[in-house]
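With mmCIF, C-alpha atoms and all ligand atoms inside, this is run.cif:
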```
data_data
#
loop_
_atom_site.group_PDB
_atom_site.id
_atom_site.type_symbol
_atom_site.label_atom_id
_atom_site.label_comp_id
_atom_site.auth_asym_id
_atom_site.auth_seq_id
_atom_site.Cartn_x
_atom_site.Cartn_y
_atom_site.Cartn_z
ATOM 1 C CA MET A 1 13.879 -45.130 -9.236
ATOM 2 C CA ARG A 2 14.262 -46.307 -5.623
ATOM 3 C CA LYS A 3 11.893 -49.224 -6.382
ATOM 4 C CA LYS A 4 14.006 -50.226 -9.388
ATOM 5 C CA LEU A 5 17.158 -50.079 -7.284
ATOM 6 C CA SER A 6 15.705 -52.302 -4.569
ATOM 7 C CA LEU A 7 14.504 -54.752 -7.200
ATOM 8 C CA LEU A 8 17.976 -54.804 -8.756
ATOM 9 C CA THR A 9 19.534 -55.429 -5.334
ATOM 10 C CA ILE A 10 17.157 -58.325 -4.670
ATOM 11 C CA VAL A 11 17.950 -59.871 -8.074
ATOM 12 C CA LEU A 12 21.702 -59.488 -7.459
ATOM 13 C CA VAL A 13 21.473 -61.070 -4.005
ATOM 14 C CA CYS A 14 19.459 -64.006 -5.413
ATOM 15 C CA LEU A 15 22.025 -64.531 -8.178
ATOM 16 C CA MET A 16 24.847 -64.411 -5.665
ATOM 17 C CA GLY A 17 23.028 -66.855 -3.405
ATOM 18 C CA GLY A 18 22.695 -69.232 -6.358
ATOM 19 C CA THR A 19 26.353 -69.018 -7.316
ATOM 20 C CA TYR A 20 27.341 -69.584 -3.673
ATOM 21 C CA PHE A 21 25.879 -73.076 -3.936
ATOM 22 C CA LEU A 22 27.254 -73.677 -7.440
ATOM 23 C CA PHE A 23 30.845 -72.669 -6.844
ATOM 24 C CA ILE A 24 31.397 -74.065 -3.403
ATOM 25 C CA LYS A 25 33.942 -76.877 -3.791
ATOM 26 C CA PRO A 26 32.072 -80.157 -3.528
ATOM 27 C CA PHE A 27 33.649 -82.994 -1.600
ATOM 28 C CA SER A 28 34.078 -86.390 -3.125
ATOM 29 C CA HIS A 29 31.985 -89.203 -1.700
ATOM 30 C CA SER A 30 35.083 -91.402 -1.729
ATOM 31 C CA SER A 31 36.830 -89.080 0.727
ATOM 32 C CA LEU A 32 37.373 -90.750 4.076
ATOM 33 C CA ASN A 33 38.268 -89.449 7.522
ATOM 34 C CA ASP A 34 41.925 -88.932 6.611
ATOM 35 C CA SER A 35 40.980 -86.085 4.273
ATOM 36 C CA CYS A 36 38.305 -84.606 6.550
ATOM 37 C CA ALA A 37 39.211 -81.175 7.936
ATOM 38 C CA PHE A 38 37.176 -81.773 11.103
ATOM 39 C CA CYS A 39 39.052 -85.012 11.858
ATOM 40 C CA ASP A 40 42.439 -83.336 11.306
ATOM 41 C CA PRO A 41 44.250 -83.050 14.688
ATOM 42 C CA ALA A 42 46.156 -79.911 13.572
ATOM 43 C CA ILE A 43 42.936 -78.012 12.771
ATOM 44 C CA LEU A 44 41.232 -79.237 15.949
ATOM 45 C CA ASN A 45 44.196 -78.240 18.127
ATOM 46 C CA ASN A 46 44.297 -74.710 16.699
ATOM 47 C CA GLN A 47 40.583 -73.942 16.594
ATOM 48 C CA LYS A 48 38.920 -75.995 19.349
ATOM 49 C CA PHE A 49 37.667 -74.186 22.460
ATOM 50 C CA TYR A 50 35.235 -76.774 23.847
ATOM 51 C CA GLU A 51 35.198 -80.566 24.046
ATOM 52 C CA ASP A 52 33.118 -83.257 25.756
ATOM 53 C CA ASP A 53 32.543 -86.963 25.046
ATOM 54 C CA LEU A 54 30.350 -86.340 21.983
ATOM 55 C CA VAL A 55 30.738 -82.776 20.725
ATOM 56 C CA LEU A 56 33.422 -80.182 19.898
ATOM 57 C CA ALA A 57 33.183 -76.435 19.306
ATOM 58 C CA LEU A 58 35.663 -74.637 17.045
ATOM 59 C CA TYR A 59 36.287 -71.031 16.071
ATOM 60 C CA THR A 60 36.229 -70.777 12.275
ATOM 61 C CA HIS A 61 39.365 -69.488 10.512
ATOM 62 C CA LYS A 62 37.241 -67.494 8.017
ATOM 63 C CA PRO A 63 34.515 -65.865 10.126
ATOM 64 C CA ILE A 64 31.522 -64.362 8.290
ATOM 65 C CA LEU A 65 31.286 -62.021 11.299
ATOM 66 C CA PRO A 66 33.320 -61.913 14.531
ATOM 67 C CA GLY A 67 32.181 -64.761 16.794
ATOM 68 C CA HIS A 68 31.414 -67.249 13.987
ATOM 69 C CA CYS A 69 31.829 -70.748 15.489
ATOM 70 C CA LEU A 70 31.298 -74.334 14.372
ATOM 71 C CA ILE A 71 29.680 -76.990 16.537
ATOM 72 C CA ILE A 72 30.603 -80.476 15.299
ATOM 73 C CA SER A 73 30.123 -84.102 16.281
ATOM 74 C CA LYS A 74 33.265 -85.663 17.735
ATOM 75 C CA LYS A 75 32.611 -88.802 15.697
ATOM 76 C CA HIS A 76 33.097 -88.573 11.933
ATOM 77 C CA ALA A 77 29.520 -88.612 10.608
ATOM 78 C CA GLU A 78 28.696 -87.120 7.241
ATOM 79 C CA ARG A 79 25.082 -86.062 7.793
ATOM 80 C CA PHE A 80 22.703 -85.063 10.569
ATOM 81 C CA GLU A 81 20.614 -88.264 10.324
ATOM 82 C CA MET A 82 23.746 -90.357 10.944
ATOM 83 C CA LEU A 83 24.049 -88.994 14.490
ATOM 84 C CA THR A 84 22.608 -90.778 17.520
ATOM 85 C CA ASP A 85 19.820 -89.138 19.554
ATOM 86 C CA ASP A 86 22.361 -88.529 22.351
ATOM 87 C CA GLU A 87 24.707 -86.724 19.966
ATOM 88 C CA ILE A 88 21.866 -84.572 18.612
ATOM 89 C CA ALA A 89 20.775 -83.646 22.149
ATOM 90 C CA GLN A 90 24.341 -82.848 23.178
ATOM 91 C CA ILE A 91 24.877 -80.648 20.091
ATOM 92 C CA GLY A 92 21.809 -78.655 21.197
ATOM 93 C CA ARG A 93 23.249 -78.215 24.699
ATOM 94 C CA VAL A 94 26.628 -77.139 23.329
ATOM 95 C CA ILE A 95 25.008 -74.590 20.983
ATOM 96 C CA LYS A 96 23.468 -72.972 24.095
ATOM 97 C CA LYS A 97 26.869 -72.926 25.859
ATOM 98 C CA VAL A 98 28.573 -71.477 22.764
ATOM 99 C CA ASN A 99 25.886 -68.790 22.558
ATOM 100 C CA GLN A 100 26.511 -67.731 26.177
ATOM 101 C CA ALA A 101 30.284 -67.604 25.618
ATOM 102 C CA VAL A 102 30.096 -65.695 22.312
ATOM 103 C CA MET A 103 27.651 -63.125 23.763
ATOM 104 C CA LYS A 104 30.101 -62.543 26.631
ATOM 105 C CA VAL A 105 33.234 -62.281 24.454
ATOM 106 C CA PHE A 106 31.825 -60.438 21.417
ATOM 107 C CA GLY A 107 28.865 -58.550 22.904
ATOM 108 C CA THR A 108 26.472 -60.016 20.317
ATOM 109 C CA SER A 109 22.696 -60.263 20.674
ATOM 110 C CA SER A 110 21.352 -62.430 17.796
ATOM 111 C CA TYR A 111 22.565 -65.501 15.956
ATOM 112 C CA LEU A 112 21.955 -67.628 12.885
ATOM 113 C CA LEU A 113 22.341 -71.436 12.866
ATOM 114 C CA LEU A 114 23.093 -73.093 9.534
ATOM 115 C CA GLN A 115 23.663 -76.789 8.845
ATOM 116 C CA LYS A 116 23.889 -78.440 5.413
ATOM 117 C CA ASN A 117 23.427 -82.091 4.436
ATOM 118 C CA GLY A 118 24.585 -83.154 0.963
ATOM 119 C CA LEU A 119 26.243 -81.767 -2.140
ATOM 120 C CA GLU A 120 23.074 -80.283 -3.613
ATOM 121 C CA VAL A 121 22.721 -77.810 -0.759
ATOM 122 C CA GLY A 122 26.420 -76.916 -0.775
ATOM 123 C CA GLN A 123 27.846 -79.006 2.101
ATOM 124 C CA SER A 124 31.585 -78.333 1.830
ATOM 125 C CA VAL A 125 33.048 -80.578 4.563
ATOM 126 C CA PRO A 126 31.632 -84.131 4.798
ATOM 127 C CA HIS A 127 31.368 -84.020 8.611
ATOM 128 C CA VAL A 128 28.246 -82.751 10.434
ATOM 129 C CA HIS A 129 28.783 -79.126 11.467
ATOM 130 C CA PHE A 130 26.507 -76.362 12.675
ATOM 131 C CA HIS A 131 27.551 -72.794 11.832
ATOM 132 C CA TYR A 132 26.786 -70.384 14.675
ATOM 133 C CA VAL A 133 26.912 -66.853 13.205
ATOM 134 C CA PRO A 134 26.193 -64.033 15.667
ATOM 135 C CA ARG A 135 25.217 -60.417 14.992
ATOM 136 C CA LYS A 136 25.149 -57.284 17.074
ATOM 137 C CA ALA A 137 22.300 -54.804 17.199
ATOM 138 C CA GLY A 138 23.066 -52.087 14.663
ATOM 139 C CA ASP A 139 25.439 -54.298 12.618
ATOM 140 C CA ASP A 140 25.338 -54.282 8.815
ATOM 141 C CA SER A 141 22.081 -54.355 6.890
ATOM 142 C CA THR A 142 20.659 -57.781 6.046
ATOM 143 C CA ILE A 143 21.879 -57.429 2.448
ATOM 144 C CA GLN A 144 25.438 -56.706 3.637
ATOM 145 C CA PHE A 145 25.154 -59.746 5.913
ATOM 146 C CA ILE A 146 24.120 -62.002 3.000
ATOM 147 C CA ILE A 147 26.982 -60.629 0.885
ATOM 148 C CA LYS A 148 29.429 -61.370 3.730
ATOM 149 C CA MET A 149 28.110 -64.942 3.895
ATOM 150 C CA TYR A 150 28.691 -65.249 0.173
ATOM 151 C CA ILE A 151 32.276 -63.982 0.233
ATOM 152 C CA ALA A 152 33.347 -65.717 3.493
ATOM 153 C CA ASN A 153 34.953 -68.628 1.622
ATOM 154 C CA ALA A 154 37.025 -66.299 -0.550
ATOM 155 C CA LYS A 155 38.315 -64.342 2.461
ATOM 156 C CA GLN A 156 41.869 -64.537 3.759
ATOM 157 C CA PRO A 157 41.920 -66.791 6.807
ATOM 158 C CA MET A 158 42.688 -65.247 10.202
ATOM 159 C CA SER A 159 46.311 -65.424 11.333
ATOM 160 C CA PRO A 160 47.231 -68.268 13.745
ATOM 161 C CA GLU A 161 47.876 -65.659 16.499
ATOM 162 C CA GLU A 162 44.438 -64.070 16.037
ATOM 163 C CA ILE A 163 42.781 -67.505 16.153
ATOM 164 C CA ARG A 164 44.775 -68.480 19.267
ATOM 165 C CA GLU A 165 43.719 -65.278 21.080
ATOM 166 C CA THR A 166 40.039 -65.737 20.233
ATOM 167 C CA VAL A 167 40.062 -69.452 21.098
ATOM 168 C CA GLU A 168 41.617 -68.645 24.492
ATOM 169 C CA LYS A 169 38.952 -66.002 25.263
ATOM 170 C CA LEU A 170 36.142 -68.411 24.316
ATOM 171 C CA ARG A 171 37.742 -71.245 26.312
ATOM 172 C CA GLN A 172 37.687 -69.066 29.400
ATOM 173 C CA ALA A 173 34.140 -67.813 28.779
ATOM 174 C CA ILE A 174 32.439 -71.157 28.113
ATOM 175 C CA GLU A 175 30.854 -72.891 31.108
HETATM 176 ZN ZN ZN B 201 35.485 -85.970 9.936
#
```

What is this structure when it is put down as structure tokens?
Amino acid sequence: MRKKLSLLTIVLVCLMGGTYFLFIKPFSHSSLNDSCAFCDPAILNNQKFYEDDLVLALYTHKPILPGHCLIISKKHAERFEMLTDDEIAQIGRVIKKVNQAVMKVFGTSSYLLLQKNGLEVGQSVPHVHFHYVPRKAGDDSTIQFIIKMYIANAKQPMSPEEIRETVEKLRQAIE
């Protein structure tokens, strides 16, 4: 019975994973910077907690788990291979800084990095972005974590006040 249940759970999670990629709203290849969320000054002003010449770090408005950040190129580039070597190196450095800051603010211990290139793998915003999703020891089970990833897009966004508070804490924590 327990075996059947675990099998059923695995099948359900696989199905959900599949639909995640199918139902995510694809962007149009004709969309230019003016319709790109990560080039929108209003979004950047509200969610940005780090900036240098090449890279920005934002707090996402629909976190999969508390501490979920986005590390993006400052330049509008659709895919990873369109970045320069300097931009790629700087993104790596900023991911390390973000990790330090998030561990301090949220008390997390592990993290997942996720970056998609192209419609077929479910890229939703046509601007290079790395998801940094942290977890604490003793958090949800892995299945609960996968389900949270699946439903993150359907979640209510955080309120502007909540985002402002979190962004301020991260701004102070990042070195
Ligand atoms: Zn953009």

**Q.** Cut-off 6 Å, all atoms listed in the file, neighbours of ligand ZN 201 (chain B) as a ChimeraX atom specification
**A.** /A:33,36,38-39,76,127

(Q) What does the structure give for the distance between atom CA of Lys116 of chain A and atom CA of Glu81 of chain A, in Å to one decimal? (A) 11.5 Å

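Here atom CA of Gly118 of chain A and atom CA of Lys155 of chain A stand 23.3 Å from one another.
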
Q) Care to translate the PyMOL selection byres (((chain A and resi 59) around 8) and not hetatm) into actual residues of this file, as a ChimeraX atom specification? A) /A:47-49,57-58,60-61,67-70,163,166-167

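Distance-wise, atom CA of Ala137 of chain A and atom CA of Ala101 of chain A end up 17.3 Å apart.
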
Q.
Applying the PyMOL selection byres (((chain A and resi 135) around 8) and not hetatm) to the file I just gave you, which residues come out? Please list them as a PyMOL selection string.
A. chain A and resi 65+108-111+133-134+136-137+139

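Nearest-residue note for Ser35 of chain A: choosing from A:Glu165, A:Tyr150, A:Val102, A:Pro126, the minimum distance belongs to A:Pro126, counting only C-alpha atoms.
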
Q | Exercise: Thr84 of chain A partners within 12 Å, only C-alpha atoms, chain neighbours under 6 positions left out, as number ranges by chain | A | A: 54-55, 73-75, 77, 90-91

Q: Would you translate the PyMOL selection byres (((chain A and resi 130) around 6) and not hetatm) into the concrete set of residues it matches in this file, as number ranges by chain?
A: A: 70-71, 114-115, 129, 131

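Closest to Asp140 of chain A among A:Leu44, A:Ile64, A:Val125, A:Ile88 is A:Ile64, based on all atoms listed in the file.
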
As lines of an AutoDock Vina configuration file, please report the centre and edge lengths, rounded to one decimal in Å, of the axis-aligned box that holds all listed atoms of segment 77-91 of chain A with 8 Å of padding on each of the six sides.
```
center_x = 24.7
center_y = -85.7
center_z = 15.2
size_x = 25.7
size_y = 26.1
size_z = 31.9
```

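Of the listed residues A:Lys62, A:Arg164, A:Gly92, A:Ser124, the one whose atoms come nearest to Ala152 of chain A is A:Lys62, with distances taken using all atoms listed in the file.
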
**Q.** Pick from A:Ile174, A:Ile143, A:Ile95, A:Met103, whichever lies nearest to Pro66 of chain A using only C-alpha atoms
**A.** A:Met103

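Minimum atom-to-atom distances from A:Pro63, A:Asn45, A:Glu175, A:Ser159 to Phe145 of chain A were compared using only C-alpha atoms, and the lowest value belongs to A:Pro63.
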
Residue completion, segment 131-154 of chain A, N, CA and C atoms, as a CSV table (one decimal), keeping the file's coordinate frame:
```
chain,number,residue,atom,x,y,z
A,131,HIS,N,27.0,-74.1,11.8
A,131,HIS,CA,27.6,-72.8,11.8
A,131,HIS,C,26.7,-72.0,12.9
A,132,TYR,N,27.4,-71.3,13.7
A,132,TYR,CA,26.8,-70.4,14.7
A,132,TYR,C,27.3,-69.0,14.3
A,133,VAL,N,26.5,-68.2,13.7
A,133,VAL,CA,26.9,-66.9,13.2
A,133,VAL,C,26.2,-65.8,14.0
A,134,PRO,N,26.9,-65.0,14.9
A,134,PRO,CA,26.2,-64.0,15.7
A,134,PRO,C,26.2,-62.7,15.0
A,135,ARG,N,25.3,-61.8,15.4
A,135,ARG,CA,25.2,-60.4,15.0
A,135,ARG,C,24.9,-59.5,16.2
A,136,LYS,N,25.4,-58.3,16.0
A,136,LYS,CA,25.1,-57.3,17.1
A,136,LYS,C,24.0,-56.4,16.6
A,137,ALA,N,23.3,-55.8,17.6
A,137,ALA,CA,22.3,-54.8,17.2
A,137,ALA,C,23.0,-53.7,16.5
A,138,GLY,N,22.5,-53.2,15.4
A,138,GLY,CA,23.1,-52.1,14.7
A,138,GLY,C,24.2,-52.5,13.7
A,139,ASP,N,24.5,-53.8,13.6
A,139,ASP,CA,25.4,-54.3,12.6
A,139,ASP,C,25.0,-53.9,11.2
A,140,ASP,N,25.7,-54.5,10.2
A,140,ASP,CA,25.3,-54.3,8.8
A,140,ASP,C,23.9,-54.5,8.5
A,141,SER,N,23.4,-54.0,7.4
A,141,SER,CA,22.1,-54.4,6.9
A,141,SER,C,22.0,-55.8,6.5
A,142,THR,N,20.8,-56.4,6.4
A,142,THR,CA,20.7,-57.8,6.0
A,142,THR,C,21.3,-58.1,4.7
A,143,ILE,N,21.3,-57.2,3.8
A,143,ILE,CA,21.9,-57.4,2.4
A,143,ILE,C,23.4,-57.5,2.6
A,144,GLN,N,24.0,-56.6,3.4
A,144,GLN,CA,25.4,-56.7,3.6
A,144,GLN,C,25.8,-58.0,4.3
A,145,PHE,N,24.9,-58.5,5.2
A,145,PHE,CA,25.2,-59.7,5.9
A,145,PHE,C,25.2,-60.9,4.9
A,146,ILE,N,24.2,-60.9,4.0
A,146,ILE,CA,24.1,-62.0,3.0
A,146,ILE,C,25.4,-62.0,2.1
A,147,ILE,N,25.8,-60.8,1.7
A,147,ILE,CA,27.0,-60.6,0.9
A,147,ILE,C,28.2,-61.2,1.6
A,148,LYS,N,28.3,-60.9,2.9
A,148,LYS,CA,29.4,-61.4,3.7
A,148,LYS,C,29.4,-62.9,3.8
A,149,MET,N,28.2,-63.5,3.9
A,149,MET,CA,28.1,-64.9,3.9
A,149,MET,C,28.6,-65.5,2.6
A,150,TYR,N,28.3,-64.8,1.5
A,150,TYR,CA,28.7,-65.2,0.2
A,150,TYR,C,30.2,-65.2,0.0
A,151,ILE,N,30.8,-64.1,0.5
A,151,ILE,CA,32.3,-64.0,0.2
A,151,ILE,C,33.2,-64.6,1.3
A,152,ALA,N,32.5,-65.2,2.4
A,152,ALA,CA,33.3,-65.7,3.5
A,152,ALA,C,34.4,-66.7,3.0
A,153,ASN,N,34.0,-67.6,2.1
A,153,ASN,CA,35.0,-68.6,1.6
A,153,ASN,C,36.1,-68.1,0.9
A,154,ALA,N,36.0,-66.9,0.2
A,154,ALA,CA,37.0,-66.3,-0.6
A,154,ALA,C,37.9,-65.4,0.3
```
